[in-house]
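One structure is given here, and the rest of the page talks about it.
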Amino acid sequence: MTRRLAQVAKKVGVSEATVSRVLNGKPGVSDSTRQAVLSALDVLGYERPTQLRGERARLVGLVLPELQNPIFPAFAEVIGGALAQLGLTPVLCTQTKGGVSEADYVELLLQQQVSGVVFAGGLYAQADAPHDHYRQLADRNIPVVLVNAAIEHLGFPCVSCDDAVAVEQAWRHLDSLGHERIGLVLGPGDHMPSGRKLAAARALAPDLPDEHVARAMFSLEGGQAAATRLLDRGVTGIICASDPLALGAVRAARRKGLSVPGEISVVGYDDSAFMNCTEPPLTTVRQPIEAMGRAAVELLNAQIGGSSVTAEELLFEPELVVRGSTAQAPRD
């Protein structure tokens with residue numbers, strides 16, 4: 001007990017006596033200090049005293065698949081900042097390969113009596129992935145918001161970048177540069193945003209050959225392997241479903257002795273950090289991270305406040321950012 005008092009007091013910056021008064025429900029403590037002590041208990045993993053357990057913590061889970069891709073730290077920064085402005089404390093939950101799963105994090109967040117959960121880039125976007133933990137949240141009436149396309153029937157509000165518009169912008173850009181053999185590097189076959197991107201490409205080019213579509217895990221290495229297959233099939237322009245995939249495509253071209261953009265043009269997706277510092281600077285389709293993150297928090301806060309929100313998807317417009325990785329198609 002003494003150790004707990006000392007840790008909480010240090011975390012909040014108050015005396016152990018103040019922490020003791022909060023835990024014992026005694027007067028003489030401001031509301032802000034009282035709330036800070038309770039939040040510190042939650043963050044440090046201590047159970048609240050029995051008489052205080054009825055109050056839901058002002059914690060919000062922010063569940064991300066990884067931090068290697070700069071797009072996810074960018075979303076975390078926007079969403080975390082918007083939550084803090086509302087007096088909510090984000091709890092960052094990042095999955096690790098072979099380690100803590102999304103379902104494990106949901107279990108932990110429920111134990112902490114979180115006020116809500118925001119998922120970005122999670123298993124909700126994969127049709128063949130396990131989804132029981134989402135039903136668990138729904139059954140407990142925990143406010144949830146999803147960022148970017150989800151499978152159907154989950155029933156949660158969703159904030160998404162318009163995948164169809166993103167592909168249309170990238171495709172028309174390459175087409176205007178004279179590229180006739182355009183390929184796609186997408187995520188796994190059950191990945192909903194990738195499925196939307198493929199549908200948009202086929203709407204633009206109904207005769208798009210299957211061999212001009214390559215699937216990959218979302219990593220630089222995955223992008224390199226998939227792009228290598230496309231280059232072997234003669235494409236001159238490659239549209240990728242993420243910036244790391246696009247950087248992998250650039251590396252694949254160079255490994256084959258091809259210049260970017262002289263012989264191969266590459267378009268990414270996200271416009272995550274430092275894409276203007278790569279060599280060449282990456283042409284990419286920018287997700288409106290600030291607007292999407294703030295909309296996700298507004299939807300979550302409305303639910304926390306007891307308001308009903310629509311489960312319909314909010315679609316945000318992307319923006320093509322032209323840099324140095326695209327150029328006129330090479331002449332045969």
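Just remember, in the structure tokens the first chain shown is A, the second B, etc., residues are 1-based per chain, and ligands are 1-based in the order shown.
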(message) Considering only alpha helix (DSSP H) as DSSP defines it on the backbone, what residues of stretch 115-263 of chain A qualify? List them as an MDAnalysis selection string.
(response) chainID A and resid 132:139 163:176 192:204 220:232 243:255
(request) Pick out each residue of stretch 91-312 of chain A that DSSP on the backbone tags as strand (DSSP E); I need them as a PyMOL selection string. (result) chain A and resi 91-94+116-120+144-147+158-161+182-186+213-215+237-240+265-270+283-286
8 Å contact set for A:Leu315, only C-alpha atoms, chain neighbours under 5 positions out, as a PDB file with N, CA, C and O atoms, in the first residue's frame:
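This is the output file selection_14.pdb:
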ATOM      1  N   VAL A 159     -14.247   6.206 -39.782  1.00  0.00           N
ATOM      2  CA  VAL A 159     -13.703   7.382 -40.454  1.00  0.00           C
ATOM      3  C   VAL A 159     -12.664   6.890 -41.458  1.00  0.00           C
ATOM      4  O   VAL A 159     -11.687   6.251 -41.069  1.00  0.00           O
ATOM      5  N   SER A 160     -12.876   7.147 -42.741  1.00  0.00           N
ATOM      6  CA  SER A 160     -12.002   6.563 -43.766  1.00  0.00           C
ATOM      7  C   SER A 160     -11.542   7.585 -44.790  1.00  0.00           C
ATOM      8  O   SER A 160     -12.257   8.547 -45.084  1.00  0.00           O
ATOM      9  N   CYS A 161     -10.360   7.323 -45.341  1.00  0.00           N
ATOM     10  CA  CYS A 161      -9.916   8.030 -46.536  1.00  0.00           C
ATOM     11  C   CYS A 161     -10.529   7.312 -47.730  1.00  0.00           C
ATOM     12  O   CYS A 161     -10.618   6.078 -47.744  1.00  0.00           O
ATOM     13  N   ASP A 162     -10.964   8.055 -48.727  1.00  0.00           N
ATOM     14  CA  ASP A 162     -11.656   7.470 -49.871  1.00  0.00           C
ATOM     15  C   ASP A 162     -10.654   6.749 -50.777  1.00  0.00           C
ATOM     16  O   ASP A 162      -9.938   7.363 -51.563  1.00  0.00           O
TER      17      ASP A 162
END
So which residues touch A:Ser265 within 10 Å, counting only C-alpha atoms, skipping near sequence neighbours fewer than 6 positions away, as a JSON list (two decimals) with all heavy atoms, in the first residue's frame?
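After the write, selection_4.json holds the following:
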[["chain", "number", "residue", "atom", "x", "y", "z"],
["A", 174, "LEU", "N", -0.54, 8.91, -63.63],
["A", 174, "LEU", "CA", 0.35, 8.07, -64.44],
["A", 174, "LEU", "C", -0.11, 8.03, -65.89],
["A", 174, "LEU", "O", 0.71, 8.06, -66.82],
["A", 174, "LEU", "CB", 0.42, 6.66, -63.85],
["A", 174, "LEU", "CG", 1.14, 6.53, -62.51],
["A", 174, "LEU", "CD1", 1.10, 5.07, -62.03],
["A", 174, "LEU", "CD2", 2.58, 7.01, -62.60],
["A", 177, "LEU", "N", 0.97, 10.92, -67.86],
["A", 177, "LEU", "CA", 2.40, 10.88, -68.17],
["A", 177, "LEU", "C", 2.72, 9.86, -69.26],
["A", 177, "LEU", "O", 3.89, 9.64, -69.59],
["A", 177, "LEU", "CB", 3.20, 10.55, -66.90],
["A", 177, "LEU", "CG", 3.17, 11.62, -65.79],
["A", 177, "LEU", "CD1", 3.81, 11.09, -64.52],
["A", 177, "LEU", "CD2", 3.86, 12.90, -66.26],
["A", 179, "HIS", "N", 1.87, 6.53, -69.27],
["A", 179, "HIS", "CA", 2.05, 5.12, -68.86],
["A", 179, "HIS", "C", 0.83, 4.30, -69.29],
["A", 179, "HIS", "O", -0.31, 4.62, -68.94],
["A", 179, "HIS", "CB", 2.24, 5.04, -67.34],
["A", 179, "HIS", "CG", 3.53, 5.61, -66.87],
["A", 179, "HIS", "ND1", 4.71, 4.89, -66.82],
["A", 179, "HIS", "CD2", 3.85, 6.88, -66.46],
["A", 179, "HIS", "CE1", 5.68, 5.67, -66.38],
["A", 179, "HIS", "NE2", 5.20, 6.88, -66.16],
["A", 182, "ILE", "N", 0.30, -0.11, -66.24],
["A", 182, "ILE", "CA", 0.28, 0.31, -64.83],
["A", 182, "ILE", "C", -0.04, -0.90, -63.96],
["A", 182, "ILE", "O", -0.95, -1.68, -64.26],
["A", 182, "ILE", "CB", -0.75, 1.43, -64.60],
["A", 182, "ILE", "CG1", -0.40, 2.65, -65.46],
["A", 182, "ILE", "CG2", -0.82, 1.80, -63.12],
["A", 182, "ILE", "CD1", -1.47, 3.74, -65.42],
["A", 235, "VAL", "N", 5.58, -3.71, -66.40],
["A", 235, "VAL", "CA", 4.89, -2.47, -66.05],
["A", 235, "VAL", "C", 5.90, -1.32, -66.00],
["A", 235, "VAL", "O", 7.09, -1.52, -65.71],
["A", 235, "VAL", "CB", 4.14, -2.58, -64.71],
["A", 235, "VAL", "CG1", 3.15, -3.73, -64.72],
["A", 235, "VAL", "CG2", 5.10, -2.69, -63.54],
["A", 236, "THR", "N", 5.43, -0.12, -66.27],
["A", 236, "THR", "CA", 6.29, 1.07, -66.19],
["A", 236, "THR", "C", 5.83, 2.03, -65.10],
["A", 236, "THR", "O", 6.57, 2.95, -64.74],
["A", 236, "THR", "CB", 6.32, 1.83, -67.53],
["A", 236, "THR", "OG1", 4.99, 2.32, -67.82],
["A", 236, "THR", "CG2", 6.81, 0.93, -68.65],
["A", 237, "GLY", "N", 4.63, 1.83, -64.59],
["A", 237, "GLY", "CA", 4.11, 2.65, -63.50],
["A", 237, "GLY", "C", 3.52, 1.76, -62.43],
["A", 237, "GLY", "O", 2.82, 0.79, -62.73],
["A", 238, "ILE", "N", 3.82, 2.05, -61.15],
["A", 238, "ILE", "CA", 3.35, 1.22, -60.04],
["A", 238, "ILE", "C", 2.64, 2.09, -59.02],
["A", 238, "ILE", "O", 3.20, 3.08, -58.53],
["A", 238, "ILE", "CB", 4.52, 0.47, -59.37],
["A", 238, "ILE", "CG1", 5.25, -0.41, -60.38],
["A", 238, "ILE", "CG2", 4.02, -0.37, -58.20],
["A", 238, "ILE", "CD1", 6.47, -1.13, -59.81],
["A", 239, "ILE", "N", 1.41, 1.71, -58.69],
["A", 239, "ILE", "CA", 0.63, 2.38, -57.64],
["A", 239, "ILE", "C", 0.62, 1.47, -56.42],
["A", 239, "ILE", "O", 0.25, 0.30, -56.52],
["A", 239, "ILE", "CB", -0.81, 2.65, -58.11],
["A", 239, "ILE", "CG1", -0.81, 3.60, -59.32],
["A", 239, "ILE", "CG2", -1.66, 3.22, -56.98],
["A", 239, "ILE", "CD1", -2.17, 3.75, -59.97],
["A", 249, "ALA", "N", 9.12, -0.70, -53.73],
["A", 249, "ALA", "CA", 9.06, -0.74, -55.20],
["A", 249, "ALA", "C", 10.24, 0.02, -55.82],
["A", 249, "ALA", "O", 10.82, -0.41, -56.82],
["A", 249, "ALA", "CB", 7.74, -0.16, -55.69],
["A", 250, "VAL", "N", 10.60, 1.15, -55.22],
["A", 250, "VAL", "CA", 11.75, 1.92, -55.70],
["A", 250, "VAL", "C", 13.02, 1.07, -55.58],
["A", 250, "VAL", "O", 13.85, 1.02, -56.50],
["A", 250, "VAL", "CB", 11.90, 3.24, -54.91],
["A", 250, "VAL", "CG1", 13.22, 3.92, -55.27],
["A", 250, "VAL", "CG2", 10.72, 4.16, -55.20],
["A", 253, "ALA", "N", 13.16, -1.63, -58.28],
["A", 253, "ALA", "CA", 13.57, -1.10, -59.59],
["A", 253, "ALA", "C", 15.09, -0.92, -59.63],
["A", 253, "ALA", "O", 15.75, -1.31, -60.60],
["A", 253, "ALA", "CB", 12.87, 0.22, -59.86],
["A", 259, "SER", "N", 16.06, 2.99, -63.50],
["A", 259, "SER", "CA", 16.04, 4.28, -62.82],
["A", 259, "SER", "C", 14.61, 4.69, -62.49],
["A", 259, "SER", "O", 13.67, 4.42, -63.23],
["A", 259, "SER", "CB", 16.70, 5.36, -63.68],
["A", 259, "SER", "OG", 15.91, 5.65, -64.82],
["A", 282, "LEU", "N", 9.06, 11.05, -52.86],
["A", 282, "LEU", "CA", 8.00, 10.15, -53.31],
["A", 282, "LEU", "C", 6.72, 10.89, -53.70],
["A", 282, "LEU", "O", 6.16, 11.65, -52.90],
["A", 282, "LEU", "CB", 7.68, 9.13, -52.21],
["A", 282, "LEU", "CG", 6.74, 8.01, -52.59],
["A", 282, "LEU", "CD1", 7.37, 7.07, -53.61],
["A", 282, "LEU", "CD2", 6.31, 7.22, -51.34],
["A", 283, "THR", "N", 6.26, 10.64, -54.93],
["A", 283, "THR", "CA", 4.91, 11.04, -55.31],
["A", 283, "THR", "C", 3.94, 10.12, -54.58],
["A", 283, "THR", "O", 4.10, 8.89, -54.59],
["A", 283, "THR", "CB", 4.69, 10.90, -56.83],
["A", 283, "THR", "OG1", 5.52, 11.84, -57.51],
["A", 283, "THR", "CG2", 3.24, 11.15, -57.20],
["A", 324, "GLY", "N", 9.16, 13.60, -57.02],
["A", 324, "GLY", "CA", 10.13, 13.19, -58.02],
["A", 324, "GLY", "C", 10.14, 11.73, -58.43],
["A", 324, "GLY", "O", 10.98, 11.33, -59.24],
["A", 325, "SER", "N", 9.21, 10.90, -57.93],
["A", 325, "SER", "CA", 9.26, 9.48, -58.27],
["A", 325, "SER", "C", 8.39, 9.13, -59.47],
["A", 325, "SER", "O", 8.26, 7.95, -59.82],
["A", 325, "SER", "CB", 8.83, 8.63, -57.06],
["A", 325, "SER", "OG", 7.47, 8.87, -56.74],
["A", 326, "THR", "N", 7.78, 10.14, -60.10],
["A", 326, "THR", "CA", 6.99, 9.90, -61.31],
["A", 326, "THR", "C", 7.44, 10.85, -62.41],
["A", 326, "THR", "O", 7.81, 12.00, -62.15],
["A", 326, "THR", "CB", 5.48, 10.11, -61.04],
["A", 326, "THR", "OG1", 5.28, 11.40, -60.42],
["A", 326, "THR", "CG2", 4.94, 9.03, -60.13],
["A", 327, "ALA", "N", 7.40, 10.33, -63.66],
["A", 327, "ALA", "CA", 7.82, 11.13, -64.82],
["A", 327, "ALA", "C", 7.20, 10.53, -66.07],
["A", 327, "ALA", "O", 6.49, 9.51, -66.01],
["A", 327, "ALA", "CB", 9.34, 11.15, -64.91],
["A", 328, "GLN", "N", 7.46, 11.16, -67.20],
["A", 328, "GLN", "CA", 6.95, 10.65, -68.48],
["A", 328, "GLN", "C", 7.35, 9.19, -68.67],
["A", 328, "GLN", "O", 8.46, 8.78, -68.32],
["A", 328, "GLN", "CB", 7.51, 11.49, -69.64],
["A", 328, "GLN", "CG", 6.97, 12.91, -69.70],
["A", 328, "GLN", "CD", 5.52, 12.96, -70.13],
["A", 328, "GLN", "OE1", 5.05, 12.11, -70.89],
["A", 328, "GLN", "NE2", 4.80, 13.97, -69.65],
["A", 329, "ALA", "N", 6.45, 8.41, -69.24],
["A", 329, "ALA", "CA", 6.73, 7.01, -69.51],
["A", 329, "ALA", "C", 7.87, 6.88, -70.51],
["A", 329, "ALA", "O", 7.99, 7.71, -71.43],
["A", 329, "ALA", "CB", 5.48, 6.31, -70.05],
["A", 330, "PRO", "N", 8.73, 5.89, -70.35],
["A", 330, "PRO", "CA", 9.83, 5.70, -71.30],
["A", 330, "PRO", "C", 9.28, 5.32, -72.68],
["A", 330, "PRO", "O", 8.25, 4.63, -72.79],
["A", 330, "PRO", "CB", 10.64, 4.55, -70.71],
["A", 330, "PRO", "CG", 9.67, 3.81, -69.84],
["A", 330, "PRO", "CD", 8.73, 4.85, -69.31]]
(message) Could you list, as a ChimeraX atom specification, every residue within 12 Å of stretch 107-113 of chain A, counting only C-alpha atoms and ignoring same-chain residues fewer than 2 positions away?
(response) /A:38-48,52-63,90-93,100-105,115-118,132-134,136-143
